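Just below is one structure, and these are the notes that go with it.
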Amino acid sequence: MHMPLSDTLGLNLLAANQHQAEHNREHFEAWNLLCLNVMSSPGAGKTSLLERTITALAPQLEMAVLEGDMTTQLDAQRLEAVGVPVVPITTGRACHLDAAMVSGGLRQLQARLNPADLDLLWVENVGNLVCPAEFEVGEHLKVALLSVTEGEDKPLKYPVMFREADCVLITKVDLLPYLSIDVSRIEAHIHAVNPEAVVFQLSASSGAGLDAWHQWLLATTRERSCRAELAEVG
Amino acid sequence: MHEVDMTKCLLLSMEEWKRGQEPQTPVVTAVHLQVGAFTCVEPEALRFTFAAAVQGSWLDGSTLEIESVPLRARCLACSSAYNPDPERAYRSPCCDRPMEEIVSGRELRIRSVDYSLPHQISDPAAVPPR
């Protein structure tokens with residue numbers, strides 16, 4: 001006898017990815033490190049910024065990078081050159097990292113070092129403003145980059161990314177004199193879709209605005225670490 | 001096309017559900033999804049990739065029913081709900097506030113599954129809890 005049945009699941013479509021992401025996050029907590037998922041369109045300046053930021057913060061923080069790239073390991077090589085451990089994750093056809101790929105990257109990282117020695121783990125996602133926003137990898141915070149050359153309207157055209165981001169970096173501001181772009185409008189559009197986003201304007205090329213971003217990173221890393229210690233105490 | 005990866009994820013999530021039914025093997029006739037307008041998912045593309053992905057699998061023969069959920073937000077100044085409009089930068093038409101609280105539109109949810117259990121005996125106790 002076939003009796004038609006129906007189960008109400010109310011389950012997230014991405015539940016399988018979500019479970020793996022939570023598993024990754026448990027590892028990050030056990031290792032007492034902060035994990036940031038860095039996302040943007042291709043060419044917004046993720047790798048250039050990481051080169052500058054990692055170099056600047058290296059005296060204060062132990063860091064490593066999981067580097068997502070569709071086909072090449074070019075970005076991984078650039079970041080290795082600044083003296084930080086990098087695990088390349090070649091995604092092939094996939095236009096984003098998912099939690100399982102990051103889990104694989106973490107295993108490779110563990111083969112090279114003890115993650116508990118790290119303060120900050122960067123996950124550089126594949127350049128794409130659409131789907132990385134939907135695939136959590138276990139990160140504590142999402143950082144989205146938007147370069148001034150991309151135009152003022154991008155936060156409105158790709159609202160999910162900018163809604164999901166905890167921190168938005170407006171990059172390449174050194175180019176503003178050559179563009180008819182009003183950076184305050186970019187910022188207004190970001191805050192229209194995400195009033196709580198922390199926004200910095202900076203240039204990895206000129207160094208403008210990097211200090212404020214670095215101070216925020218140091219404070220955020222320490223704050224997470226303190227919270228973890230307090231939770232342990234009681 | 002990230003709907004391919006969304007579909008893979010959906011199938012993995014369905015596998016998890018199937019394992020919960022063991023030792024019985026459900027025959028699924030329909031999977032009901034809720035897909036919010038404020039997500040990166042295009043329902044038509046999802047339907048297409050689902051149909052291709054389930055061929056020859058345990059979900060072969062099942063249909064994907066997608067309920068689209070509109071984007072709704074609440075203005076925190078006056079508490080009224082509104083439909084955020086990209087042309088207005090998603091701001092509330094009543095008080096011109098930014099989009100603070102999203103009420104609906106972020107759903108990517110497997111709402112329910114229609115299925116039957118082959119060789120099911122007519123003992124009501126054998127019917128799994130709903």
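Identifiers in the structure tokens: chain A, B, ... in order shown; residue index from 1 per chain; ligand index from 1 in order shown.
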Write out, as a Markdown table, each residue of range 39-128 of chain B that has an atom at most 9 Å from range 124-145 of chain A, together with the closest pair of atoms and their distance in Å to one decimal, counting only C-alpha atoms, rows going by chain and rising number.
```
| residue | atom | partner | partner_atom | distance |
| --- | --- | --- | --- | --- |
| B:Thr39 | CA | A:Glu134 | CA | 7.6 |
| B:Cys40 | CA | A:Cys131 | CA | 6.0 |
| B:Val41 | CA | A:Cys131 | CA | 8.4 |
```
Determine, for each residue of chain B having at least one atom at most 6 Å from an atom of chain A, the closest pair of atoms and their separation in Å to one decimal, counting only C-alpha atoms; order by chain and ascending number, as a Markdown table.
```
| residue | atom | partner | partner_atom | distance |
| --- | --- | --- | --- | --- |
| B:Cys9 | CA | A:Leu14 | CA | 5.5 |
| B:Leu10 | CA | A:Leu13 | CA | 5.2 |
| B:Leu12 | CA | A:Ala16 | CA | 5.8 |
| B:Ser13 | CA | A:Ala16 | CA | 5.1 |
| B:Pro98 | CA | A:Ala192 | CA | 4.4 |
| B:Met99 | CA | A:Val193 | CA | 5.3 |
| B:Leu108 | CA | A:Leu13 | CA | 5.3 |
| B:Arg109 | CA | A:Asn12 | CA | 4.4 |
| B:Ile110 | CA | A:Leu11 | CA | 5.1 |
| B:Arg111 | CA | A:Gly10 | CA | 4.6 |
| B:Ser112 | CA | A:Thr8 | CA | 4.2 |
| B:Val113 | CA | A:Asp7 | CA | 5.2 |
| B:Asp114 | CA | A:Ser6 | CA | 4.3 |
| B:Tyr115 | CA | A:Leu5 | CA | 5.2 |
| B:Ser116 | CA | A:Pro4 | CA | 4.9 |
| B:Gln120 | CA | A:Met1 | CA | 5.8 |
| B:Arg130 | CA | A:Asp7 | CA | 5.9 |
```
### Message
as a ChimeraX atom specification, please: every residue in range 27-94 of chain A that DSSP puts in strand (DSSP E).
### Response
/A:34-39,63-69,86-90
### All residues 12 Å or closer to Leu218 in chain A, only C-alpha atoms, same chain fewer than 2 positions away omitted, as a PyMOL selection string
chain A and resi 34+53-54+56-63+119-120+211-216+220-225
Store the residues of this selection in a file with N, CA and C atoms, as a PDB file, in the first residue's frame.
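The resulting file, result.pdb, is shown below:
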```
ATOM      1  N   LEU A  34      40.560  33.797  14.504  1.00  0.00           N
ATOM      2  CA  LEU A  34      39.495  34.510  13.804  1.00  0.00           C
ATOM      3  C   LEU A  34      39.582  34.160  12.321  1.00  0.00           C
ATOM      4  N   THR A  53      48.167  44.172   3.799  1.00  0.00           N
ATOM      5  CA  THR A  53      47.665  43.999   5.165  1.00  0.00           C
ATOM      6  C   THR A  53      48.459  42.940   5.923  1.00  0.00           C
ATOM      7  N   ILE A  54      48.755  41.847   5.247  1.00  0.00           N
ATOM      8  CA  ILE A  54      49.502  40.769   5.909  1.00  0.00           C
ATOM      9  C   ILE A  54      50.907  41.250   6.252  1.00  0.00           C
ATOM     10  N   ALA A  56      51.784  44.318   6.861  1.00  0.00           N
ATOM     11  CA  ALA A  56      51.702  45.304   7.950  1.00  0.00           C
ATOM     12  C   ALA A  56      51.425  44.655   9.304  1.00  0.00           C
ATOM     13  N   LEU A  57      50.607  43.597   9.300  1.00  0.00           N
ATOM     14  CA  LEU A  57      50.184  43.015  10.578  1.00  0.00           C
ATOM     15  C   LEU A  57      51.053  41.850  11.036  1.00  0.00           C
ATOM     16  N   ALA A  58      51.967  41.419  10.158  1.00  0.00           N
ATOM     17  CA  ALA A  58      52.792  40.237  10.485  1.00  0.00           C
ATOM     18  C   ALA A  58      53.516  40.358  11.828  1.00  0.00           C
ATOM     19  N   PRO A  59      53.988  41.555  12.227  1.00  0.00           N
ATOM     20  CA  PRO A  59      54.658  41.614  13.535  1.00  0.00           C
ATOM     21  C   PRO A  59      53.710  41.345  14.706  1.00  0.00           C
ATOM     22  N   GLN A  60      52.405  41.596  14.495  1.00  0.00           N
ATOM     23  CA  GLN A  60      51.473  41.460  15.629  1.00  0.00           C
ATOM     24  C   GLN A  60      50.638  40.189  15.592  1.00  0.00           C
ATOM     25  N   LEU A  61      50.386  39.655  14.389  1.00  0.00           N
ATOM     26  CA  LEU A  61      49.472  38.520  14.278  1.00  0.00           C
ATOM     27  C   LEU A  61      50.096  37.380  13.483  1.00  0.00           C
ATOM     28  N   GLU A  62      49.828  36.157  13.940  1.00  0.00           N
ATOM     29  CA  GLU A  62      50.180  34.976  13.142  1.00  0.00           C
ATOM     30  C   GLU A  62      49.018  34.704  12.200  1.00  0.00           C
ATOM     31  N   MET A  63      49.338  34.618  10.891  1.00  0.00           N
ATOM     32  CA  MET A  63      48.269  34.490   9.906  1.00  0.00           C
ATOM     33  C   MET A  63      48.551  33.382   8.894  1.00  0.00           C
ATOM     34  N   ASP A 119      46.476  33.457  14.777  1.00  0.00           N
ATOM     35  CA  ASP A 119      45.490  34.397  15.305  1.00  0.00           C
ATOM     36  C   ASP A 119      44.385  34.662  14.287  1.00  0.00           C
ATOM     37  N   LEU A 120      44.775  34.640  13.014  1.00  0.00           N
ATOM     38  CA  LEU A 120      43.862  35.086  11.966  1.00  0.00           C
ATOM     39  C   LEU A 120      44.032  34.204  10.733  1.00  0.00           C
ATOM     40  N   ASP A 211      45.528  52.222   7.706  1.00  0.00           N
ATOM     41  CA  ASP A 211      45.702  52.186   9.160  1.00  0.00           C
ATOM     42  C   ASP A 211      44.391  51.879   9.891  1.00  0.00           C
ATOM     43  N   ALA A 212      43.339  52.568   9.487  1.00  0.00           N
ATOM     44  CA  ALA A 212      42.052  52.376  10.167  1.00  0.00           C
ATOM     45  C   ALA A 212      41.574  50.936  10.017  1.00  0.00           C
ATOM     46  N   TRP A 213      41.731  50.395   8.837  1.00  0.00           N
ATOM     47  CA  TRP A 213      41.341  48.995   8.561  1.00  0.00           C
ATOM     48  C   TRP A 213      42.189  48.039   9.390  1.00  0.00           C
ATOM     49  N   HIS A 214      43.473  48.318   9.502  1.00  0.00           N
ATOM     50  CA  HIS A 214      44.351  47.428  10.269  1.00  0.00           C
ATOM     51  C   HIS A 214      44.036  47.495  11.762  1.00  0.00           C
ATOM     52  N   GLN A 215      43.730  48.712  12.246  1.00  0.00           N
ATOM     53  CA  GLN A 215      43.363  48.842  13.661  1.00  0.00           C
ATOM     54  C   GLN A 215      42.074  48.070  13.948  1.00  0.00           C
ATOM     55  N   TRP A 216      41.138  48.135  13.000  1.00  0.00           N
ATOM     56  CA  TRP A 216      39.882  47.395  13.167  1.00  0.00           C
ATOM     57  C   TRP A 216      40.147  45.894  13.216  1.00  0.00           C
ATOM     58  N   THR A 220      39.348  43.532  16.304  1.00  0.00           N
ATOM     59  CA  THR A 220      38.389  42.442  16.112  1.00  0.00           C
ATOM     60  C   THR A 220      39.005  41.100  16.493  1.00  0.00           C
ATOM     61  N   THR A 221      40.270  40.908  16.108  1.00  0.00           N
ATOM     62  CA  THR A 221      40.956  39.656  16.440  1.00  0.00           C
ATOM     63  C   THR A 221      41.074  39.508  17.955  1.00  0.00           C
ATOM     64  N   ARG A 222      41.464  40.612  18.626  1.00  0.00           N
ATOM     65  CA  ARG A 222      41.639  40.552  20.088  1.00  0.00           C
ATOM     66  C   ARG A 222      40.302  40.366  20.799  1.00  0.00           C
ATOM     67  N   GLU A 223      39.288  41.047  20.273  1.00  0.00           N
ATOM     68  CA  GLU A 223      37.974  40.955  20.900  1.00  0.00           C
ATOM     69  C   GLU A 223      37.458  39.514  20.853  1.00  0.00           C
ATOM     70  N   ARG A 224      37.629  38.856  19.706  1.00  0.00           N
ATOM     71  CA  ARG A 224      37.169  37.476  19.590  1.00  0.00           C
ATOM     72  C   ARG A 224      37.932  36.562  20.550  1.00  0.00           C
ATOM     73  N   SER A 225      39.244  36.802  20.613  1.00  0.00           N
ATOM     74  CA  SER A 225      40.089  35.994  21.478  1.00  0.00           C
ATOM     75  C   SER A 225      39.716  36.175  22.951  1.00  0.00           C
TER      76      SER A 225
END
```
#### Entry: Exercise: range 52-60 of chain B partners within 12 Å, only C-alpha atoms, chain neighbours under 5 positions left out, as a ChimeraX atom specification
/B:3-12,14-15,18,25-31,45-47,113-115
Using only N, CA and C atoms, please write the residues we just selected to a file, as a short mmCIF file (atom, residue, chain, number, x, y, z; two decimals), in the first residue's frame.
```cif
data_model
loop_
_atom_site.label_atom_id
_atom_site.label_comp_id
_atom_site.auth_asym_id
_atom_site.auth_seq_id
_atom_site.Cartn_x
_atom_site.Cartn_y
_atom_site.Cartn_z
N GLU B 3 23.48 27.68 -9.60
CA GLU B 3 22.32 26.83 -9.28
C GLU B 3 22.69 25.35 -9.32
N VAL B 4 23.75 25.03 -10.11
CA VAL B 4 24.23 23.64 -10.12
C VAL B 4 24.71 23.26 -8.73
N ASP B 5 25.48 24.16 -8.11
CA ASP B 5 25.98 23.89 -6.77
C ASP B 5 24.87 23.94 -5.73
N MET B 6 23.91 24.83 -5.96
CA MET B 6 22.74 24.88 -5.07
C MET B 6 22.01 23.54 -5.13
N THR B 7 21.87 23.01 -6.37
CA THR B 7 21.16 21.75 -6.54
C THR B 7 21.92 20.62 -5.85
N LYS B 8 23.26 20.62 -6.00
CA LYS B 8 24.06 19.59 -5.32
C LYS B 8 23.82 19.65 -3.82
N CYS B 9 23.78 20.87 -3.32
CA CYS B 9 23.56 21.06 -1.88
C CYS B 9 22.17 20.58 -1.49
N LEU B 10 21.19 20.90 -2.33
CA LEU B 10 19.83 20.43 -2.08
C LEU B 10 19.80 18.91 -2.03
N LEU B 11 20.50 18.26 -2.98
CA LEU B 11 20.50 16.79 -3.02
C LEU B 11 21.18 16.22 -1.78
N LEU B 12 22.26 16.86 -1.34
CA LEU B 12 22.93 16.40 -0.11
C LEU B 12 22.00 16.54 1.09
N MET B 14 18.79 16.47 0.97
CA MET B 14 17.77 15.44 0.83
C MET B 14 18.30 14.08 1.25
N GLU B 15 19.59 13.83 0.95
CA GLU B 15 20.23 12.58 1.40
C GLU B 15 20.18 12.48 2.93
N LYS B 18 16.85 11.48 3.89
CA LYS B 18 16.58 10.07 3.56
C LYS B 18 17.19 9.15 4.62
N THR B 25 12.87 3.12 2.60
CA THR B 25 13.37 3.92 1.48
C THR B 25 12.20 4.69 0.87
N PRO B 26 12.10 5.96 1.15
CA PRO B 26 10.96 6.72 0.63
C PRO B 26 11.05 6.93 -0.88
N VAL B 27 9.88 6.92 -1.52
CA VAL B 27 9.80 7.30 -2.93
C VAL B 27 9.23 8.72 -2.97
N VAL B 28 10.06 9.64 -3.39
CA VAL B 28 9.69 11.05 -3.32
C VAL B 28 8.94 11.46 -4.59
N THR B 29 7.81 12.09 -4.43
CA THR B 29 7.06 12.56 -5.59
C THR B 29 7.27 14.06 -5.82
N ALA B 30 7.46 14.80 -4.75
CA ALA B 30 7.67 16.25 -4.92
C ALA B 30 8.49 16.82 -3.77
N VAL B 31 9.34 17.75 -4.12
CA VAL B 31 10.10 18.51 -3.13
C VAL B 31 9.61 19.95 -3.22
N ALA B 45 16.36 28.47 -13.19
CA ALA B 45 17.63 27.77 -13.34
C ALA B 45 17.71 26.59 -12.36
N LEU B 46 17.15 26.79 -11.18
CA LEU B 46 17.15 25.71 -10.19
C LEU B 46 16.29 24.54 -10.66
N ARG B 47 15.13 24.85 -11.24
CA ARG B 47 14.24 23.81 -11.76
C ARG B 47 14.94 22.99 -12.84
N VAL B 113 8.36 17.61 1.89
CA VAL B 113 8.61 16.55 0.91
C VAL B 113 7.38 15.66 0.84
N ASP B 114 6.88 15.44 -0.37
CA ASP B 114 5.80 14.47 -0.56
C ASP B 114 6.43 13.15 -0.96
N TYR B 115 6.01 12.07 -0.31
CA TYR B 115 6.64 10.78 -0.61
C TYR B 115 5.71 9.64 -0.21
#
```
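Take CA of Glu67 in chain A and CA of Gln201 in chain A: the distance between them is 23.6 Å.
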### Query
When distances are computed from only C-alpha atoms, which of A:Arg78, A:Gly68, A:Val183, A:Val86 shows the smallest separation from Ser48 in chain A?
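Among A:Arg78, A:Gly68, A:Val183, A:Val86, it is A:Arg78 that comes nearest to Ser48 in chain A.
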#### Entry: Which of chain A DSSP labels alpha helix (DSSP H), written as an NGL selection string
:A and (15-31 or 46-57 or 74-80 or 99-112 or 154-157 or 159-164 or 183-193 or 210-233)
Selection above as a file: C-alpha atoms, as a tab-separated table (two decimals), in the first residue's frame:
```tsv
chain	number	residue	atom	x	y	z
A	15	ALA	CA	21.74	22.55	5.18
A	16	ALA	CA	24.49	20.18	4.06
A	17	ASN	CA	26.85	23.11	3.48
A	18	GLN	CA	25.68	24.73	6.70
A	19	HIS	CA	26.55	21.65	8.74
A	20	GLN	CA	30.04	21.51	7.28
A	21	ALA	CA	30.45	25.25	7.88
A	22	GLU	CA	29.49	24.82	11.53
A	23	HIS	CA	31.99	21.98	11.79
A	24	ASN	CA	34.72	24.25	10.37
A	25	ARG	CA	33.75	26.98	12.83
A	26	GLU	CA	34.07	24.53	15.74
A	27	HIS	CA	37.66	23.94	14.62
A	28	PHE	CA	38.30	27.70	14.46
A	29	GLU	CA	36.96	28.07	17.98
A	30	ALA	CA	39.09	25.18	19.24
A	31	TRP	CA	42.14	26.76	17.62
A	46	LYS	CA	41.59	41.27	-2.73
A	47	THR	CA	45.07	39.87	-3.26
A	48	SER	CA	46.79	43.26	-3.44
A	49	LEU	CA	45.11	44.29	-0.20
A	50	LEU	CA	46.06	41.04	1.51
A	51	GLU	CA	49.69	41.55	0.43
A	52	ARG	CA	49.71	44.95	2.13
A	53	THR	CA	47.67	44.00	5.16
A	54	ILE	CA	49.50	40.77	5.91
A	55	THR	CA	52.86	42.53	5.60
A	56	ALA	CA	51.70	45.30	7.95
A	57	LEU	CA	50.18	43.01	10.58
A	74	LEU	CA	48.90	32.79	-9.20
A	75	ASP	CA	47.32	34.52	-6.19
A	76	ALA	CA	48.66	31.86	-3.84
A	77	GLN	CA	52.17	32.45	-5.16
A	78	ARG	CA	51.84	36.21	-4.64
A	79	LEU	CA	50.81	35.74	-1.03
A	80	GLU	CA	53.48	33.10	-0.33
A	99	ALA	CA	32.45	24.66	3.38
A	100	ALA	CA	33.68	21.25	2.18
A	101	MET	CA	36.42	22.84	0.04
A	102	VAL	CA	37.54	24.92	3.00
A	103	SER	CA	37.53	21.82	5.19
A	104	GLY	CA	39.87	20.18	2.67
A	105	GLY	CA	42.08	23.27	2.75
A	106	LEU	CA	42.18	23.14	6.55
A	107	ARG	CA	43.46	19.55	6.47
A	108	GLN	CA	46.28	20.64	4.15
A	109	LEU	CA	47.04	23.56	6.44
A	110	GLN	CA	47.24	21.23	9.44
A	111	ALA	CA	49.81	19.12	7.60
A	112	ARG	CA	52.06	22.19	7.49
A	154	LYS	CA	26.94	47.91	-7.29
A	155	PRO	CA	25.64	47.62	-3.71
A	156	LEU	CA	22.13	47.98	-5.17
A	157	LYS	CA	22.77	45.57	-8.04
A	159	PRO	CA	22.53	43.62	-2.63
A	160	VAL	CA	22.80	40.16	-1.09
A	161	MET	CA	26.59	40.32	-0.95
A	162	PHE	CA	26.60	43.76	0.65
A	163	ARG	CA	23.75	42.86	3.00
A	164	GLU	CA	25.62	39.77	4.21
A	183	VAL	CA	32.46	57.76	-3.08
A	184	SER	CA	29.91	59.04	-0.55
A	185	ARG	CA	27.18	57.66	-2.80
A	186	ILE	CA	28.85	54.24	-2.79
A	187	GLU	CA	28.91	54.38	0.98
A	188	ALA	CA	25.28	55.54	1.13
A	189	HIS	CA	24.22	52.63	-1.08
A	190	ILE	CA	26.07	50.15	1.10
A	191	HIS	CA	24.37	51.50	4.19
A	192	ALA	CA	20.98	51.53	2.45
A	193	VAL	CA	21.08	47.73	2.08
A	210	LEU	CA	44.98	51.22	5.55
A	211	ASP	CA	45.70	52.19	9.16
A	212	ALA	CA	42.05	52.38	10.17
A	213	TRP	CA	41.34	49.00	8.56
A	214	HIS	CA	44.35	47.43	10.27
A	215	GLN	CA	43.36	48.84	13.66
A	216	TRP	CA	39.88	47.39	13.17
A	217	LEU	CA	41.38	44.00	12.32
A	218	LEU	CA	43.61	44.02	15.39
A	219	ALA	CA	40.72	45.05	17.63
A	220	THR	CA	38.39	42.44	16.11
A	221	THR	CA	40.96	39.66	16.44
A	222	ARG	CA	41.64	40.55	20.09
A	223	GLU	CA	37.97	40.95	20.90
A	224	ARG	CA	37.17	37.48	19.59
A	225	SER	CA	40.09	35.99	21.48
A	226	CYS	CA	39.04	37.71	24.73
A	227	ARG	CA	35.46	36.55	24.34
A	228	ALA	CA	36.69	32.98	23.83
A	229	GLU	CA	38.81	33.17	26.98
A	230	LEU	CA	35.95	34.61	29.01
A	231	ALA	CA	33.68	31.82	27.78
A	232	GLU	CA	36.29	29.31	28.91
A	233	VAL	CA	36.56	30.86	32.37
```
### Task
Measure the distance from CA of Tyr178 in chain A to CA of Met39 in chain A in Å and round it to one decimal.
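Going from CA of Tyr178 in chain A over to CA of Met39 in chain A covers 25.3 Å.
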### Query
CA of Leu202 in chain A and CA of Leu169 in chain A, how far apart in Å?
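Separation between CA of Leu169 in chain A and CA of Leu202 in chain A: 7.0 Å.
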